[in-house]
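Next up, upload.txt (compact mmCIF, C-alpha atoms and all ligand atoms):
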```
# COMPACT_ATOMS: atom_id res chain seq x y z
CA MET A 962 134.80 81.68 115.20
CA ASN A 963 137.31 81.44 118.04
CA ASP A 964 137.06 84.28 120.45
CA VAL A 965 139.64 87.03 120.50
CA ASP A 966 142.37 87.58 123.06
CA PRO A 967 142.68 91.28 124.00
CA ALA A 968 146.44 90.95 123.39
CA GLU A 969 145.69 90.50 119.68
CA GLU A 970 145.32 94.25 119.32
CA ILE A 971 148.64 95.43 117.96
CA GLY A 972 150.29 98.65 119.05
CA GLU A 973 152.56 101.29 117.56
CA ASP A 974 155.71 99.50 118.75
CA ASP A 975 155.02 96.21 117.00
CA GLU A 976 157.22 96.08 113.93
CA GLU A 977 155.17 93.30 112.36
CA THR A 978 151.98 95.36 112.32
CA PRO A 979 150.32 95.28 108.90
CA PRO A 980 147.97 98.09 107.94
CA ASN A 981 144.45 97.49 109.15
CA MET A 982 141.32 98.36 107.23
CA ALA A 983 139.31 99.61 110.20
CA ARG A 984 142.15 101.88 111.35
CA VAL A 985 142.67 103.22 107.81
CA PHE A 986 138.92 103.90 107.64
CA ASP A 987 139.14 105.72 110.99
CA MET A 988 142.00 107.82 109.61
CA TYR A 989 139.98 108.88 106.57
CA LEU A 990 137.09 109.84 108.84
CA GLY A 991 139.37 112.10 110.89
CA GLY A 992 139.63 109.80 113.92
CA SER A 993 142.67 109.13 116.07
CA GLU A 994 142.71 105.29 116.23
CA HIS A 995 145.35 104.69 113.55
CA LEU A 996 149.07 103.96 113.45
CA GLU A 997 151.98 105.09 111.30
CA VAL A 998 151.72 101.91 109.20
CA ASP A 999 148.09 102.81 108.38
CA ARG A 1000 149.00 106.36 107.39
CA GLU A 1001 151.79 105.04 105.15
CA PHE A 1002 149.38 102.61 103.52
CA ALA A 1003 146.88 105.43 102.99
CA VAL A 1004 149.53 107.27 100.95
CA GLU A 1005 149.72 104.21 98.65
CA VAL A 1006 145.93 104.05 98.45
CA ASP A 1007 145.68 107.75 97.63
CA ALA A 1008 148.11 107.24 94.75
CA VAL A 1009 145.71 104.80 93.03
CA LEU A 1010 142.42 106.14 94.37
CA PRO A 1011 142.57 109.77 95.49
CA GLY A 1012 138.86 109.59 96.26
CA MET A 1013 139.18 107.01 99.04
CA GLY A 1014 138.55 109.56 101.80
CA ALA A 1015 135.37 110.69 100.07
CA LEU A 1016 134.18 107.08 99.79
CA CYS A 1017 134.70 106.50 103.53
CA ARG A 1018 132.89 109.71 104.37
CA GLY A 1019 130.14 108.71 101.92
CA HIS A 1020 129.56 105.43 103.77
CA ARG A 1021 129.43 107.36 107.02
CA ARG A 1022 126.99 109.96 105.65
CA PHE A 1023 124.71 107.10 104.62
CA SER A 1024 124.82 105.28 107.96
CA ALA A 1025 124.28 108.54 109.87
CA ALA A 1026 121.18 109.35 107.78
CA VAL A 1027 119.84 105.82 108.24
CA VAL A 1028 120.44 105.71 112.01
CA ASP A 1029 118.77 109.12 112.39
CA HIS A 1030 115.79 107.88 110.39
CA TRP A 1031 115.45 104.66 112.37
CA CYS A 1032 115.79 106.53 115.68
CA ALA A 1033 112.99 108.85 114.59
CA GLU A 1034 110.90 105.75 113.83
CA GLY A 1035 111.48 104.53 117.39
CA ILE A 1036 114.13 101.89 116.67
CA ASP A 1037 116.54 101.77 119.59
CA GLN A 1038 118.60 98.64 118.90
CA PHE A 1039 121.08 98.08 116.11
CA LEU A 1040 123.24 95.36 114.59
CA GLU A 1041 126.20 96.64 112.59
CA LEU A 1042 127.91 94.12 110.28
CA GLY A 1043 131.53 94.87 109.38
CA SER A 1044 131.56 97.58 112.00
CA GLY A 1045 135.26 98.42 112.07
CA LEU A 1046 136.18 100.64 115.01
CA PRO A 1047 133.43 102.43 116.93
CA THR A 1048 134.93 105.89 116.52
CA VAL A 1049 133.90 109.21 114.93
CA ASP A 1050 130.16 109.38 115.64
CA HIS A 1051 129.61 105.65 115.33
CA VAL A 1052 126.24 103.93 115.64
CA HIS A 1053 125.88 103.77 119.44
CA THR A 1054 127.06 107.38 119.86
CA ARG A 1055 124.71 108.68 117.21
CA ALA A 1056 121.70 106.62 118.32
CA ARG A 1057 122.16 107.54 121.97
CA ARG A 1058 121.62 111.20 121.19
CA VAL A 1059 118.00 110.20 120.57
CA HIS A 1060 117.65 107.02 122.64
CA PRO A 1061 120.17 107.29 125.49
CA ARG A 1062 119.85 103.59 126.27
CA ALA A 1063 120.13 102.40 122.66
CA ARG A 1064 121.71 98.96 122.37
CA VAL A 1065 124.19 97.97 119.67
CA ALA A 1066 125.86 94.70 118.64
CA TYR A 1067 128.88 95.26 116.41
CA VAL A 1068 130.25 92.43 114.24
CA ASP A 1069 133.64 92.25 112.57
CA ARG A 1070 135.64 89.33 111.22
CA ASP A 1071 139.08 90.87 111.78
CA ARG A 1072 140.56 89.73 115.08
CA ARG A 1073 142.69 92.84 115.68
CA THR A 1074 139.77 95.10 114.95
CA VAL A 1075 137.58 93.18 117.41
CA ALA A 1076 140.23 93.39 120.15
CA HIS A 1077 140.70 97.11 119.50
CA ALA A 1078 136.95 97.81 119.40
CA ARG A 1079 136.37 95.91 122.64
CA ARG A 1080 139.03 98.02 124.38
CA LEU A 1081 137.43 101.24 123.14
CA LEU A 1082 134.00 100.07 124.35
CA ALA A 1083 135.11 98.65 127.72
CA GLY A 1084 132.60 99.62 130.39
CA GLU A 1085 129.97 100.70 127.84
CA ASP A 1086 126.64 99.13 128.83
CA GLY A 1087 124.41 97.66 126.16
CA VAL A 1088 127.13 97.45 123.48
CA ALA A 1089 129.00 94.28 122.42
CA VAL A 1090 131.45 93.31 119.69
CA LEU A 1091 131.11 89.89 118.08
CA HIS A 1092 133.95 88.26 116.18
CA ALA A 1093 132.20 86.64 113.21
CA ASP A 1094 131.84 86.63 109.46
CA ALA A 1095 128.87 88.80 108.53
CA GLY A 1096 128.22 86.43 105.63
CA ASP A 1097 127.22 83.75 108.13
CA ALA A 1098 123.92 85.34 109.11
CA ALA A 1099 122.62 82.33 111.01
CA ALA A 1100 125.72 82.25 113.24
CA VAL A 1101 125.61 86.01 113.83
CA LEU A 1102 121.93 85.96 114.77
CA ALA A 1103 122.49 83.04 117.18
CA ALA A 1104 125.62 84.45 118.88
CA PRO A 1105 125.44 85.26 122.60
CA GLU A 1106 126.97 88.72 122.00
CA VAL A 1107 123.96 89.48 119.79
CA ARG A 1108 121.31 87.67 121.84
CA ASP A 1109 122.44 89.24 125.13
CA VAL A 1110 122.36 92.78 123.77
CA LEU A 1111 119.47 92.75 121.30
CA ASP A 1112 115.88 91.65 121.74
CA LEU A 1113 115.17 90.12 118.33
CA ALA A 1114 111.44 90.02 119.08
CA ARG A 1115 111.47 93.84 118.77
CA PRO A 1116 112.54 95.94 115.75
CA VAL A 1117 116.27 96.12 115.06
CA GLY A 1118 118.13 98.30 112.55
CA VAL A 1119 120.72 96.21 110.70
CA LEU A 1120 123.55 98.07 108.94
CA ALA A 1121 125.72 96.42 106.30
CA VAL A 1122 127.69 99.54 105.42
CA GLY A 1123 130.81 98.98 103.34
CA VAL A 1124 131.05 95.27 104.08
CA LEU A 1125 129.19 93.13 101.54
CA HIS A 1126 131.75 93.89 98.81
CA TYR A 1127 134.06 91.73 100.93
CA VAL A 1128 131.65 88.81 100.58
CA HIS A 1129 132.81 87.86 97.09
CA ASP A 1130 130.41 85.04 96.39
CA ASP A 1131 127.23 86.54 94.90
CA ALA A 1132 124.92 83.82 96.17
CA ALA A 1133 126.36 84.12 99.69
CA ALA A 1134 125.89 87.90 99.71
CA VAL A 1135 122.24 87.64 98.63
CA GLU A 1136 121.59 84.82 101.04
CA ALA A 1137 123.05 86.85 103.93
CA VAL A 1138 120.99 89.94 103.12
CA ARG A 1139 117.78 87.95 102.89
CA THR A 1140 118.47 85.92 106.02
CA TYR A 1141 119.00 89.05 108.11
CA ALA A 1142 115.98 90.77 106.61
CA ALA A 1143 113.71 87.77 107.09
CA ALA A 1144 114.85 86.87 110.62
CA LEU A 1145 113.94 90.20 112.17
CA ALA A 1146 110.73 91.38 113.78
CA PRO A 1147 108.25 93.44 111.73
CA GLY A 1148 109.26 97.11 111.89
CA SER A 1149 112.96 96.24 111.60
CA GLY A 1150 115.19 97.86 108.98
CA LEU A 1151 118.11 96.74 106.86
CA ALA A 1152 120.54 99.16 105.21
CA VAL A 1153 123.22 98.20 102.66
CA SER A 1154 125.92 100.34 101.08
CA HIS A 1155 128.29 98.77 98.58
CA LEU A 1156 131.09 99.85 96.25
CA THR A 1157 130.04 99.98 92.63
CA SER A 1158 132.27 100.51 89.65
CA ALA A 1159 129.49 101.88 87.46
CA ALA A 1160 130.70 105.32 86.33
CA ARG A 1161 133.83 104.87 88.49
CA PRO A 1162 136.53 102.95 86.58
CA ASP A 1163 139.12 104.27 89.06
CA LEU A 1164 137.72 101.87 91.67
CA HIS A 1165 139.19 98.98 89.68
CA ALA A 1166 142.66 100.25 90.54
CA TRP A 1167 141.80 100.02 94.24
CA ALA A 1168 140.20 96.61 93.87
CA THR A 1169 143.29 95.18 92.21
CA MET A 1170 146.10 96.96 94.09
CA ASN A 1171 148.36 95.09 96.50
CA HIS A 1172 146.46 95.22 99.75
CA GLY A 1173 149.49 94.99 101.98
CA GLY A 1174 148.77 91.61 103.47
CA TRP A 1175 145.06 92.07 104.10
CA SER A 1176 142.69 89.80 102.23
CA TYR A 1177 140.50 92.76 101.53
CA ALA A 1178 140.27 93.34 97.81
CA PRO A 1179 136.64 94.40 97.33
CA ARG A 1180 134.32 92.83 94.77
CA LEU A 1181 132.82 95.66 92.74
CA ARG A 1182 129.22 95.01 91.73
CA ASP A 1183 126.99 96.83 89.29
CA PRO A 1184 123.67 98.34 90.42
CA GLU A 1185 121.82 95.82 88.19
CA ASP A 1186 123.45 92.95 90.09
CA MET A 1187 122.32 94.29 93.46
CA ALA A 1188 118.83 95.39 92.42
CA PRO A 1189 117.14 92.00 93.10
CA TRP A 1190 118.74 91.54 96.54
CA LEU A 1191 115.71 92.78 98.44
CA ASP A 1192 112.92 91.80 96.10
CA GLY A 1193 109.77 91.38 98.14
CA PHE A 1194 110.80 93.81 100.89
CA ALA A 1195 109.46 97.35 101.23
CA LEU A 1196 112.15 99.87 100.23
CA VAL A 1197 112.38 103.15 102.14
CA GLY A 1198 113.01 106.53 100.53
CA PRO A 1199 114.33 106.35 96.97
CA GLY A 1200 115.01 102.61 96.89
CA TRP A 1201 118.40 101.64 95.47
CA GLY A 1202 120.51 104.66 94.64
CA SER A 1203 123.64 106.60 95.49
CA ALA A 1204 124.16 105.77 99.17
CA PRO A 1205 125.62 109.12 100.35
CA ASP A 1206 122.58 110.84 98.80
CA TRP A 1207 120.02 108.59 100.51
CA ARG A 1208 117.24 110.45 102.32
CA ALA A 1209 114.27 108.90 104.09
CA ASP A 1210 111.93 111.44 102.49
CA GLY A 1211 112.54 109.86 99.11
CA THR A 1212 114.77 112.33 97.29
CA VAL A 1213 115.34 110.14 94.25
CA PRO A 1214 119.03 110.19 93.31
CA GLY A 1215 118.68 108.60 89.84
CA ALA A 1216 121.11 106.38 88.00
CA ASP A 1217 123.45 109.17 86.94
CA VAL A 1218 124.77 109.61 90.47
CA THR A 1219 126.46 106.22 90.67
CA GLY A 1220 129.46 108.54 90.36
CA SER A 1221 129.55 108.52 94.18
CA GLY A 1222 130.96 104.96 93.88
CA LEU A 1223 128.56 103.76 96.56
CA TRP A 1224 125.25 102.10 95.85
CA GLY A 1225 122.82 101.58 98.70
CA VAL A 1226 119.34 100.72 99.85
CA VAL A 1227 117.20 100.76 102.97
CA ALA A 1228 114.48 98.14 103.43
CA ARG A 1229 111.84 97.78 106.09
CA ARG A 1230 110.26 94.58 107.31
CA THR A 1231 106.58 95.37 107.18
CA SER A 1232 105.02 92.06 108.23
CA ALA A 1233 105.95 88.59 109.31
CA ARG A 1234 106.34 87.66 105.61
CA GLY A 1235 108.70 90.36 104.35
C1 LIG B 1 135.15 99.80 105.69
S1 LIG B 1 135.35 99.15 107.21
C2 LIG B 1 134.16 99.75 108.35
C3 LIG B 1 132.85 100.26 107.87
C4 LIG B 1 131.87 100.52 108.97
N1 LIG B 1 130.69 99.75 108.67
C5 LIG B 1 131.57 101.98 109.06
O1 LIG B 1 130.61 102.40 108.42
O2 LIG B 1 132.29 102.68 109.74
C6 LIG B 1 134.83 97.51 106.86
C7 LIG B 1 134.99 96.55 108.02
O3 LIG B 1 134.37 95.32 107.64
C8 LIG B 1 135.13 94.25 108.17
N2 LIG B 1 134.80 93.07 107.35
C9 LIG B 1 135.18 92.80 106.07
N3 LIG B 1 134.61 91.66 105.66
C10 LIG B 1 133.85 91.20 106.68
C11 LIG B 1 132.99 90.07 106.86
N4 LIG B 1 132.83 89.17 105.89
N5 LIG B 1 132.36 89.93 108.04
C12 LIG B 1 132.52 90.84 109.04
N6 LIG B 1 133.32 91.92 108.93
C13 LIG B 1 133.97 92.10 107.77
C14 LIG B 1 136.55 94.70 108.09
O4 LIG B 1 137.37 94.00 109.00
C15 LIG B 1 136.41 96.20 108.42
O5 LIG B 1 136.59 96.43 109.79
```
As structure tokens, how would this structure be written, given the file I've shared?
Amino acid sequence: MNDVDPAEEIGEDDEETPPNMARVFDMYLGGSEHLEVDREFAVEVDAVLPGMGALCRGHRRFSAAVVDHWCAEGIDQFLELGSGLPTVDHVHTRARRVHPRARVAYVDRDRRTVAHARRLLAGEDGVAVLHADAGDAAAVLAAPEVRDVLDLARPVGVLAVGVLHYVHDDAAAVEAVRTYAAALAPGSGLAVSHLTSAARPDLHAWATMNHGGWSYAPRLRDPEDMAPWLDGFALVGPGWGSAPDWRADGTVPGADVTGSGLWGVVARRTSARG
């Protein structure tokens, strides 16, 4: 993908500014990196899906639990796909509480988000933001922003939190997950959280609402569709289950808690073969 000019970040004064998913997400997490247009859009979202804030916080609860677990396992480098803005206890902040020199490559396909994230991270050593489509795993893994920050010969924690439902093609989503999982060194981890409509028909209203100019209608998948994604890999904790309820010690959430709207899994690469 073409690289991003810092001027592509749009400010409060720009009347053409459309709402931006990463800024809306930041707003729901209680951050300060959002504009009036995002807050207005959030009012429209809340009208069709009053639980949107809880979903955003659910994704964040999952990624926080996973990063804590990986840090405890000694993992000190991370690749976050569909990273949004690095605000509100994001991956590098959380990991650096345990590993002060933790290294993080963030990846986002939205140009404004990348420009904004790069400004927020200016001067931060060991952290980079790549402009790329997370679905193109080979390109992400080969990118200089990733190669310069991460040592792929050592374990890496890869987070795909709240992003694969924007990869609409099923085969492409599976292929991406497996390519990341297979390309990493033994000891690496891969975490996925994904919107699911099982037990949550209200999510259909969000998936089909007018997304204000973003091309971001999510593809809702059922747990049964995602279950084979990591066949052959060792699953950590409860395996697939309600993402906000994921715990490394294996508290098994059970199928009835798909009511969280978020389905997730954590896998570990145990050997050179999977
Ligand atoms: C829900 S937000 C941020 C979630 C973030 N992972 C977190 O936990 O805070 C999703 C982000 O994914 C980005 N995104 C959507 N589809 C993408 C894709 N195919 N590749 C890379 N980024 C994508 C959006 O631009 C947005 O910033």
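Separating atom CA of A:Asp1186 from atom CA of A:Ala1098 is a distance of 20.5 Å.
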List the neighbours of stretch 1131-1143 of chain A out to 7 Å using only C-alpha atoms; skip same-chain residues closer than 3 positions along the sequence, and give me the result as a list in words. Gly1096, Asp1097, Ala1098, Leu1125, Val1128, Leu1151, Trp1190, Leu1191, Arg1230 and Gly1235 of chain A
Env. residues ligand LIG 1 (chain B) / 8 Å / all atoms listed in the file / as a ChimeraX atom specification: /A:981-984,986-987,1017,1020-1021,1024,1041-1048,1051,1068-1071,1074,1092-1096,1120-1128,1177
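Between atom CA of A:Gly1148 and atom CA of A:Arg1115 lies a distance of 7.9 Å.
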Best match for closeness to A:Gly1035 among A:Ala1089, A:Ser1149, A:Arg1073, A:Val1101, counting only C-alpha atoms: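 Closest to A:Gly1035 of all the choices is A:Ser1149.
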Just checking: using all atoms listed in the file, which residue out of A:Ala1168, A:Ala1099, A:Leu1223, A:Val1153 ends up closest to A:Leu1196?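 Distance minimum relative to A:Leu1196 lands on A:Val1153.
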For A:Thr1157, list every protein, DNA or RNA residue within 7 Å, evaluated using only C-alpha atoms, and leave out those in the same chain fewer than 5 positions away; present the list as a list in words.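 Near neighbours after the sequence-gap exclusion: Leu1181, Arg1182, Asp1183, Pro1184, Gly1222, Leu1223 and Trp1224 of chain A.
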Would you pick out the contacts of A:Val1028 at 8 Å or less, using all atoms listed in the file, so that residues sharing its chain but fewer than 3 positions from it are not included, and give the list as an NGL selection string? :A and (1024-1025 or 1031-1032 or 1052 or 1055-1056 or 1118)
Tell me, in Å to one decimal, how far atom CA of A:Ala1015 is from atom CA of A:Thr1054.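 Interatomic distance, atom CA of A:Ala1015 to atom CA of A:Thr1054: 21.7 Å.
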Applying 8 Å and only C-alpha atoms, which residues near stretch 990-1005 of chain A remain after dropping the ones on its own chain fewer than 2 positions away? List them as a list in words.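 Here the answer would be Gly972, Glu973, Thr978, Pro979, Pro980, Asn981, Arg984, Val985, Phe986, Asp987, Met988, Asp1007, Ala1008, Val1009, Gly1014, Cys1017, Arg1018, Thr1048, Val1049 and Gly1173 of chain A.
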Counting only C-alpha atoms, which residue out of A:Leu1081, A:Val1226, A:Leu1040, A:Met1187 sits closest to A:Tyr1067?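 So, comparing all the options, the nearest one is A:Leu1040.
Residue nearest A:His1155, chosen from A:Leu1016, A:Val1197, A:Glu1034, A:Asp1206 and counting all atoms listed in the file: A:Leu1016.
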Go through A:Val1088, A:Val1075, A:Ala1209, A:Leu1113 one by one, measure the shortest atom-to-atom distance of each to A:Ala1144 using only C-alpha atoms, and give the residue with the smallest value.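 Comparing A:Val1088, A:Val1075, A:Ala1209, A:Leu1113 against A:Ala1144, the winner is A:Leu1113.
Counting all atoms listed in the file, the residue from A:Asp1163, A:Asp1037, A:Asp1130, A:Asp1050 that sits nearest to A:Val1110 is A:Asp1037.
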Which centre and edge lengths in Å to one decimal define the box along x, y and z that fits every listed atom of stretch 1223-1232 of chain A plus 3 Å per side, as JSON?
```
{"center_x": 116.8, "center_y": 97.9, "center_z": 102.0, "size_x": 29.5, "size_y": 17.7, "size_z": 18.4}
```
Could you please give me, as a count of residues only, the residues of protein, DNA or RNA lying at most 10 Å from (143.3, 90.0, 124.8) in the coordinate frame of the file, considering only C-alpha atoms? 13
